[in-house]
Amino acid sequence: MPPALTDSMQTAARLPDPTAPAAARQAARQLRVRLRDAGPVIGLVLLCIAGGLLNPDFATWDNAMNVLTRTAFIGIIAVGMCFVITSGGIDLSVGSMAALIAGSVIMVMNWVAPLAGSPGAAVLVGMAVALTLGAAFGLVHGLLITKGRIEPFIVTLGTLGIFRAYLTYFSNGGALTLDNTLADAYGPVYYGAWLGVPIPIWVFAAVALAGMLLLNRTSYGRYVQAIGSNEQVARYAAVAVNRIKIWTYVLLGICVGVATLLYVPRLGSASPSTGLLWELEAIAAVIVGGTALKGGNGRIVGTVIGAVLLSVIGNILNLTSIISVYLNAAVQGFVIIVVAFLQRGRR
Amino acid sequence: MNRRIFSSIALVACALASAPTFAADNKLVMGVSVPAATHGWTGGVVYWANRTKAELEKQYPGAKVIVKTAGSATEQANQVQDLQTVNKIDTLVILPFESAPLTKPVAQVKNKGVFVTVVDRGLTDTNAQSAYVAGDNPGFGKVAAEYMAKRLGGAGNLVILRGIPTVIDNQRVDAFNEVLKAHPNIKVLDAKHGNWNRDDAFKVMQDYLTRFKQIDAVWASDDDMAVGVQKAIAQAKRSDVKLVVGGAGSKDYIKKVMDGDPIVSADVTYAPSMIADAMKATAEARIKGSEMPATTIIPSVLVTKENASKYYFPDSPF
């Protein structure tokens, strides 16, 4: 998939060419920009070739579906994260938030099931709770950060601890498990498929598409990028900075809620180790995908590719035994740095 | 956590209020320091520590037991110091987060005359502990391997999921492989880390299933990982896997064994209740003034349908 044209590239393309050398320089610059944008794609393609050579099973439909399905959680969260980072913020709490939402949803479903009559109704109630909780947590983050004027790093570092501690408290340190009838009713959301493609991949694609349109094709998306580039200037330009920032956190919260909807039916349980380090994976996916950590420049397609890239690494390592299992994390680290190197220079 | 802190404050307050009456009979002030409930097994440890605290305080009126949980090795080290200086403990039962960083803090407390029982993870300097109570990690691997070899009839393809890279995990896996050396027809296809985590185990097992067309048995080496493993097998609709052995003895898996599950036919204990055994033995030794053995190993036992009900604790969170 080619990366979407950014605004600056579009204006550059429309500019009249006064002199030929200038036009050539322009073209060369554009080519460099395109190469940079293609960094994550090149990395992913190279990885896939390596994977296919190392183990023929890698290049099978089933394996591709496995990898994309397991990417869905991190990928969906990363799409939301892309908005927050583009606006110049950060959210460290997403893993804990996903765990707490998963736990709460399981408790609510178990509690509602006997009252609702059918397991299907209980599942719907649980899904509504997941999205509501996600939006509510995001709203709290947004309000504390904008109205409360606390650094996003600190707010979300705080809630990172709070969310996980409450899950641990609710589960008594053990696991919260969905009742069997509910698990059967809910299972198809993760294990089911439509047109041969698992449901989580469809949801992931829909969220990514919506994110792409919102960031690149609406005024809201442009405001988010403007705030990330220069908050003061955006404020002077009469952009409702606080409202837009709050919305980025709410959107991320909803994304976490959606990811949880797909996560819960997988194991039908939540434990204190659920969603551990998801925040780092999501942030890494966003940055590997070419979004600047300091904000102002968001790339949804890149984010999706970044998320896929990260899970492909783990998949290849599991499918081969060429290196010591103790070095798995190192391989991931090397690949992240190499890909970041490929798309360097955007500052 | 709030509730726990609150109740322990309340209990300590009650104990303080009633202490003068009983102080003459009994002076046991036991500090119990364990890792916070961050996963199933440590959740079980915290449950058993609190349960035993109640039992001991009932059994020995006047005795005071203070249970503290720590989120990291550093926090635990501070906690040990506080227990000694603030709570004036004379006995410490500790399940160290990690061995090396806690050796010095525990040694300091012991030098001030506190009796120290170390549980599960031995300190790097054994002089820092008065007694040591531990689970049997090599036995954990050995018992599982012997059972699986027997069930497979000495031949078949097997995959292993390992825990978090630690000494505990190495001891278990080494002992497992040692037993399998006597069964050359059992082929270990691969051993990757699932980090004692359901989600990681799910992914690793999915990839095993993609990679290997015939898997006869899985040593998940942990009940949490077994959950992920079984979900992955169910998703792939594979019927070649005839045996999944977890470990540690969670209530869900003991229940499966008890109910005669065709795939989960056995489990191996590595019971979080070892903290309870350690607390009881230490309290008895301290109050009756008897000697406590320097090392007590709580064996890892094979749980099958016949003896499963003995290891089933539905109230425990684990």
# chains A, B, ... in the order shown; residues from 1 in each chain; ligands from 1
$ closest_atom_pairs --of "chain A" --to "chain B" --cutoff "10 Å" --atoms "only C-alpha atoms" --output "tab-separated table"
residue	atom	partner	partner_atom	distance
A:Asn55	CA	B:Arg211	CA	8.1
A:Pro56	CA	B:Arg211	CA	9.0
A:Asp57	CA	B:Arg211	CA	6.2
A:Phe58	CA	B:Thr210	CA	8.1
A:Thr60	CA	B:Thr210	CA	9.0
A:Asp62	CA	B:Thr210	CA	7.8
A:Asn63	CA	B:Thr210	CA	6.6
A:Asn66	CA	B:Gln206	CA	7.5
A:Val67	CA	B:Lys203	CA	8.9
A:Arg70	CA	B:Lys203	CA	7.8
A:Arg164	CA	B:Thr38	CA	9.2
A:Ala165	CA	B:Met1	CA	7.4
A:Tyr166	CA	B:Met1	CA	7.8
A:Leu167	CA	B:Thr38	CA	9.9
A:Thr168	CA	B:Thr38	CA	6.9
A:Tyr169	CA	B:Met1	CA	5.7
A:Phe170	CA	B:Met1	CA	9.2
A:Ser171	CA	B:Pro317	CA	7.5
A:Asn172	CA	B:Pro317	CA	6.1
A:Gly173	CA	B:Gly43	CA	4.1
A:Gly174	CA	B:Gly40	CA	4.4
A:Ala175	CA	B:Gly40	CA	6.7
A:Leu176	CA	B:Pro317	CA	9.2
A:Tyr190	CA	B:Gln235	CA	9.8
A:Tyr191	CA	B:Gln235	CA	6.8
A:Gly192	CA	B:Gln235	CA	9.6
A:Tyr263	CA	B:Asp199	CA	9.7
A:Arg266	CA	B:Lys231	CA	7.5
A:Leu267	CA	B:Lys231	CA	6.7
A:Gly268	CA	B:Lys231	CA	9.6
A:Ser269	CA	B:Arg198	CA	9.2
A:Ala270	CA	B:Arg198	CA	9.3
A:Ser271	CA	B:His39	CA	6.8
A:Pro272	CA	B:Thr38	CA	5.4
A:Ser273	CA	B:His39	CA	6.1
A:Thr274	CA	B:Asp199	CA	7.4
A:Gly275	CA	B:Asp199	CA	8.6
A:Leu276	CA	B:Asn197	CA	9.6
A:Ser311	CA	B:Lys203	CA	9.9
A:Gly314	CA	B:Val204	CA	8.9
A:Asn315	CA	B:Asp207	CA	6.7
A:Ile316	CA	B:Asp207	CA	8.7
A:Leu317	CA	B:Asp207	CA	9.3
A:Asn318	CA	B:Asp207	CA	6.0
A:Leu319	CA	B:Arg211	CA	6.0
A:Thr320	CA	B:Arg211	CA	8.5
A:Ser321	CA	B:Asp190	CA	7.6
A:Ser324	CA	B:Lys192	CA	9.3
A:Val325	CA	B:Lys192	CA	6.3
A:Tyr326	CA	B:Pro165	CA	7.5
A:Asn328	CA	B:His193	CA	9.5
$ write_last_selection --atoms "C-alpha atoms" --output "PDB file, in the first residue's frame"
ATOM      1  CA  ASN A  55      10.665 -21.673   7.041  1.00  0.00           C
ATOM      2  CA  PRO A  56       8.307 -22.345   4.121  1.00  0.00           C
ATOM      3  CA  ASP A  57       5.412 -22.534   6.576  1.00  0.00           C
ATOM      4  CA  PHE A  58       5.832 -18.808   7.140  1.00  0.00           C
ATOM      5  CA  THR A  60       1.140 -19.794   4.216  1.00  0.00           C
ATOM      6  CA  ASP A  62      -2.983 -19.708   7.828  1.00  0.00           C
ATOM      7  CA  ASN A  63       0.180 -18.261   9.275  1.00  0.00           C
ATOM      8  CA  ASN A  66      -2.544 -15.925  12.665  1.00  0.00           C
ATOM      9  CA  VAL A  67      -0.066 -13.059  12.626  1.00  0.00           C
ATOM     10  CA  ARG A  70      -2.734 -11.373  16.912  1.00  0.00           C
ATOM     11  CA  ARG A 164      -3.531  -2.662  36.870  1.00  0.00           C
ATOM     12  CA  ALA A 165      -3.764  -2.507  40.652  1.00  0.00           C
ATOM     13  CA  TYR A 166      -7.569  -2.437  40.476  1.00  0.00           C
ATOM     14  CA  LEU A 167      -7.612  -5.431  38.137  1.00  0.00           C
ATOM     15  CA  THR A 168      -5.321  -7.303  40.532  1.00  0.00           C
ATOM     16  CA  TYR A 169      -7.644  -6.336  43.379  1.00  0.00           C
ATOM     17  CA  PHE A 170     -10.806  -7.451  41.566  1.00  0.00           C
ATOM     18  CA  SER A 171      -9.220 -10.743  40.529  1.00  0.00           C
ATOM     19  CA  ASN A 172      -7.613 -11.257  43.939  1.00  0.00           C
ATOM     20  CA  GLY A 173      -4.316 -11.766  42.156  1.00  0.00           C
ATOM     21  CA  GLY A 174      -5.726 -14.681  40.190  1.00  0.00           C
ATOM     22  CA  ALA A 175      -7.693 -14.685  36.962  1.00  0.00           C
ATOM     23  CA  LEU A 176     -11.204 -13.466  36.148  1.00  0.00           C
ATOM     24  CA  TYR A 190     -12.239 -13.778  17.950  1.00  0.00           C
ATOM     25  CA  TYR A 191     -12.300 -17.221  16.351  1.00  0.00           C
ATOM     26  CA  GLY A 192     -14.935 -16.600  13.690  1.00  0.00           C
ATOM     27  CA  TYR A 263      -9.172  -9.844  23.352  1.00  0.00           C
ATOM     28  CA  ARG A 266      -9.636 -15.247  22.891  1.00  0.00           C
ATOM     29  CA  LEU A 267      -8.846 -16.655  26.320  1.00  0.00           C
ATOM     30  CA  GLY A 268     -12.090 -15.792  28.064  1.00  0.00           C
ATOM     31  CA  SER A 269     -10.079 -14.530  31.003  1.00  0.00           C
ATOM     32  CA  ALA A 270      -8.155 -11.561  32.324  1.00  0.00           C
ATOM     33  CA  SER A 271      -5.311 -11.754  34.808  1.00  0.00           C
ATOM     34  CA  PRO A 272      -2.789  -9.271  36.189  1.00  0.00           C
ATOM     35  CA  SER A 273      -0.437 -10.233  33.347  1.00  0.00           C
ATOM     36  CA  THR A 274      -2.988  -9.259  30.666  1.00  0.00           C
ATOM     37  CA  GLY A 275      -1.811  -6.467  28.394  1.00  0.00           C
ATOM     38  CA  LEU A 276       1.612  -6.292  29.983  1.00  0.00           C
ATOM     39  CA  SER A 311       4.501  -9.272  15.448  1.00  0.00           C
ATOM     40  CA  GLY A 314       8.082 -12.730  17.030  1.00  0.00           C
ATOM     41  CA  ASN A 315       6.377 -15.097  14.583  1.00  0.00           C
ATOM     42  CA  ILE A 316       9.580 -15.749  12.596  1.00  0.00           C
ATOM     43  CA  LEU A 317      11.519 -16.372  15.799  1.00  0.00           C
ATOM     44  CA  ASN A 318       8.922 -18.901  16.922  1.00  0.00           C
ATOM     45  CA  LEU A 319       8.984 -20.651  13.556  1.00  0.00           C
ATOM     46  CA  THR A 320      12.740 -21.157  13.578  1.00  0.00           C
ATOM     47  CA  SER A 321      15.350 -22.218  16.075  1.00  0.00           C
ATOM     48  CA  SER A 324      19.083 -18.848  21.242  1.00  0.00           C
ATOM     49  CA  VAL A 325      15.664 -18.142  22.720  1.00  0.00           C
ATOM     50  CA  TYR A 326      17.399 -15.811  25.155  1.00  0.00           C
ATOM     51  CA  ASN A 328      14.575 -13.041  20.968  1.00  0.00           C
TER      52      ASN A 328
END
$ select_by_dssp --residues "range 81-210 of chain B" --states "strand (DSSP E or B)" --output "list in words"
Thr91, Leu92, Val93, Ile94, Phe115, Val116, Thr117, Val118, Val119, Ala131, Tyr132, Val133, Ala134, Gly135, Gly156, Asn157, Leu158, Val159, Ile160, Leu161, Arg162, Ile186, Lys187, Val188, Leu189, Asp190, Ala191, Lys192 and His193 of chain B
$ residues_around --residues "Ser229 in chain A" --least-positions-apart "3" --cutoff "8 Å" --atoms "only C-alpha atoms" --output "ChimeraX atom specification"
/A:87-88,225-226,295-297
$ residues_around --residues "Leu180 in chain B" --least-positions-apart "2" --cutoff "12 Å" --atoms "only C-alpha atoms" --output "PyMOL selection string"
chain B and resi 141-150+152+154-158+173-178+182-188
$ residues_around --residues "Ile313 in chain A" --least-positions-apart "3" --cutoff "12 Å" --atoms "only C-alpha atoms" --output "ChimeraX atom specification"
/A:43-51,58,67,71,306-310,316-320,328-336
$ write_last_selection --atoms "N, CA and C atoms" --output "PDB file, in the first residue's frame"
ATOM      1  N   GLY A  43      11.277  -2.563   5.324  1.00  0.00           N
ATOM      2  CA  GLY A  43      11.635  -3.436   6.451  1.00  0.00           C
ATOM      3  C   GLY A  43      10.730  -4.650   6.513  1.00  0.00           C
ATOM      4  N   LEU A  44       9.430  -4.420   6.357  1.00  0.00           N
ATOM      5  CA  LEU A  44       8.470  -5.521   6.453  1.00  0.00           C
ATOM      6  C   LEU A  44       8.675  -6.524   5.318  1.00  0.00           C
ATOM      7  N   VAL A  45       8.874  -6.004   4.103  1.00  0.00           N
ATOM      8  CA  VAL A  45       9.065  -6.893   2.949  1.00  0.00           C
ATOM      9  C   VAL A  45      10.319  -7.749   3.149  1.00  0.00           C
ATOM     10  N   LEU A  46      11.418  -7.102   3.573  1.00  0.00           N
ATOM     11  CA  LEU A  46      12.655  -7.851   3.799  1.00  0.00           C
ATOM     12  C   LEU A  46      12.441  -8.940   4.848  1.00  0.00           C
ATOM     13  N   LEU A  47      11.751  -8.569   5.929  1.00  0.00           N
ATOM     14  CA  LEU A  47      11.489  -9.540   7.004  1.00  0.00           C
ATOM     15  C   LEU A  47      10.692 -10.727   6.477  1.00  0.00           C
ATOM     16  N   CYS A  48       9.679 -10.424   5.654  1.00  0.00           N
ATOM     17  CA  CYS A  48       8.826 -11.498   5.137  1.00  0.00           C
ATOM     18  C   CYS A  48       9.616 -12.412   4.215  1.00  0.00           C
ATOM     19  N   ILE A  49      10.503 -11.828   3.407  1.00  0.00           N
ATOM     20  CA  ILE A  49      11.344 -12.660   2.539  1.00  0.00           C
ATOM     21  C   ILE A  49      12.220 -13.563   3.414  1.00  0.00           C
ATOM     22  N   ALA A  50      12.831 -12.954   4.446  1.00  0.00           N
ATOM     23  CA  ALA A  50      13.683 -13.740   5.351  1.00  0.00           C
ATOM     24  C   ALA A  50      12.873 -14.863   5.987  1.00  0.00           C
ATOM     25  N   GLY A  51      11.664 -14.520   6.435  1.00  0.00           N
ATOM     26  CA  GLY A  51      10.820 -15.524   7.081  1.00  0.00           C
ATOM     27  C   GLY A  51      10.493 -16.671   6.139  1.00  0.00           C
ATOM     28  N   PHE A  58       6.082 -20.225   6.858  1.00  0.00           N
ATOM     29  CA  PHE A  58       5.832 -18.808   7.140  1.00  0.00           C
ATOM     30  C   PHE A  58       4.908 -18.209   6.093  1.00  0.00           C
ATOM     31  N   VAL A  67      -0.863 -14.232  12.266  1.00  0.00           N
ATOM     32  CA  VAL A  67      -0.066 -13.059  12.626  1.00  0.00           C
ATOM     33  C   VAL A  67      -0.936 -11.809  12.615  1.00  0.00           C
ATOM     34  N   THR A  71      -2.005  -9.363  15.717  1.00  0.00           N
ATOM     35  CA  THR A  71      -1.590  -7.959  15.643  1.00  0.00           C
ATOM     36  C   THR A  71      -2.761  -7.035  15.930  1.00  0.00           C
ATOM     37  N   GLY A 306       3.922  -0.839  11.039  1.00  0.00           N
ATOM     38  CA  GLY A 306       4.795  -1.001  12.204  1.00  0.00           C
ATOM     39  C   GLY A 306       4.287  -2.090  13.129  1.00  0.00           C
ATOM     40  N   ALA A 307       2.975  -2.088  13.378  1.00  0.00           N
ATOM     41  CA  ALA A 307       2.409  -3.089  14.280  1.00  0.00           C
ATOM     42  C   ALA A 307       2.585  -4.495  13.702  1.00  0.00           C
ATOM     43  N   VAL A 308       2.331  -4.634  12.392  1.00  0.00           N
ATOM     44  CA  VAL A 308       2.481  -5.949  11.754  1.00  0.00           C
ATOM     45  C   VAL A 308       3.941  -6.390  11.823  1.00  0.00           C
ATOM     46  N   LEU A 309       4.832  -5.447  11.539  1.00  0.00           N
ATOM     47  CA  LEU A 309       6.259  -5.742  11.557  1.00  0.00           C
ATOM     48  C   LEU A 309       6.689  -6.321  12.905  1.00  0.00           C
ATOM     49  N   LEU A 310       6.234  -5.691  13.986  1.00  0.00           N
ATOM     50  CA  LEU A 310       6.641  -6.150  15.314  1.00  0.00           C
ATOM     51  C   LEU A 310       6.167  -7.575  15.563  1.00  0.00           C
ATOM     52  N   ILE A 316       8.438 -15.099  13.265  1.00  0.00           N
ATOM     53  CA  ILE A 316       9.580 -15.749  12.596  1.00  0.00           C
ATOM     54  C   ILE A 316      10.456 -16.451  13.638  1.00  0.00           C
ATOM     55  N   LEU A 317      10.660 -15.769  14.769  1.00  0.00           N
ATOM     56  CA  LEU A 317      11.519 -16.372  15.799  1.00  0.00           C
ATOM     57  C   LEU A 317      10.907 -17.661  16.327  1.00  0.00           C
ATOM     58  N   ASN A 318       9.577 -17.684  16.446  1.00  0.00           N
ATOM     59  CA  ASN A 318       8.922 -18.901  16.922  1.00  0.00           C
ATOM     60  C   ASN A 318       8.975 -20.015  15.888  1.00  0.00           C
ATOM     61  N   LEU A 319       9.014 -19.638  14.613  1.00  0.00           N
ATOM     62  CA  LEU A 319       8.984 -20.651  13.556  1.00  0.00           C
ATOM     63  C   LEU A 319      10.363 -21.217  13.247  1.00  0.00           C
ATOM     64  N   THR A 320      11.393 -20.667  13.854  1.00  0.00           N
ATOM     65  CA  THR A 320      12.740 -21.157  13.578  1.00  0.00           C
ATOM     66  C   THR A 320      13.447 -21.390  14.903  1.00  0.00           C
ATOM     67  N   ASN A 328      15.765 -13.489  21.697  1.00  0.00           N
ATOM     68  CA  ASN A 328      14.575 -13.041  20.968  1.00  0.00           C
ATOM     69  C   ASN A 328      14.350 -11.536  21.083  1.00  0.00           C
ATOM     70  N   ALA A 329      14.439 -11.020  22.316  1.00  0.00           N
ATOM     71  CA  ALA A 329      14.172  -9.602  22.526  1.00  0.00           C
ATOM     72  C   ALA A 329      15.205  -8.755  21.799  1.00  0.00           C
ATOM     73  N   ALA A 330      16.432  -9.270  21.718  1.00  0.00           N
ATOM     74  CA  ALA A 330      17.489  -8.518  21.040  1.00  0.00           C
ATOM     75  C   ALA A 330      17.168  -8.370  19.564  1.00  0.00           C
ATOM     76  N   VAL A 331      16.673  -9.429  18.929  1.00  0.00           N
ATOM     77  CA  VAL A 331      16.351  -9.367  17.508  1.00  0.00           C
ATOM     78  C   VAL A 331      15.313  -8.276  17.272  1.00  0.00           C
ATOM     79  N   GLN A 332      14.284  -8.256  18.107  1.00  0.00           N
ATOM     80  CA  GLN A 332      13.252  -7.235  17.963  1.00  0.00           C
ATOM     81  C   GLN A 332      13.864  -5.836  18.082  1.00  0.00           C
ATOM     82  N   GLY A 333      14.772  -5.686  19.061  1.00  0.00           N
ATOM     83  CA  GLY A 333      15.437  -4.402  19.252  1.00  0.00           C
ATOM     84  C   GLY A 333      16.218  -3.982  18.023  1.00  0.00           C
ATOM     85  N   PHE A 334      16.996  -4.925  17.456  1.00  0.00           N
ATOM     86  CA  PHE A 334      17.783  -4.609  16.260  1.00  0.00           C
ATOM     87  C   PHE A 334      16.880  -4.167  15.114  1.00  0.00           C
ATOM     88  N   VAL A 335      15.802  -4.921  14.891  1.00  0.00           N
ATOM     89  CA  VAL A 335      14.930  -4.599  13.759  1.00  0.00           C
ATOM     90  C   VAL A 335      14.310  -3.215  13.946  1.00  0.00           C
ATOM     91  N   ILE A 336      13.873  -2.898  15.175  1.00  0.00           N
ATOM     92  CA  ILE A 336      13.269  -1.582  15.421  1.00  0.00           C
ATOM     93  C   ILE A 336      14.261  -0.483  15.071  1.00  0.00           C
TER      94      ILE A 336
END
$ residues_around --residues "Gln59 in chain B" --least-positions-apart "3" --cutoff "12 Å" --atoms "only C-alpha atoms" --output "list in words"
Asn26, Thr52, Lys53, Ala54, Glu55, Leu56, Gly62, Ala63, Lys64, Val65, Lys280, Ala283, Glu284 and Ile287 of chain B
$ atom_distance --atom1 "CA of Ala234 in chain A" --atom2 "CA of Tyr220 in chain A"
12.4 Å
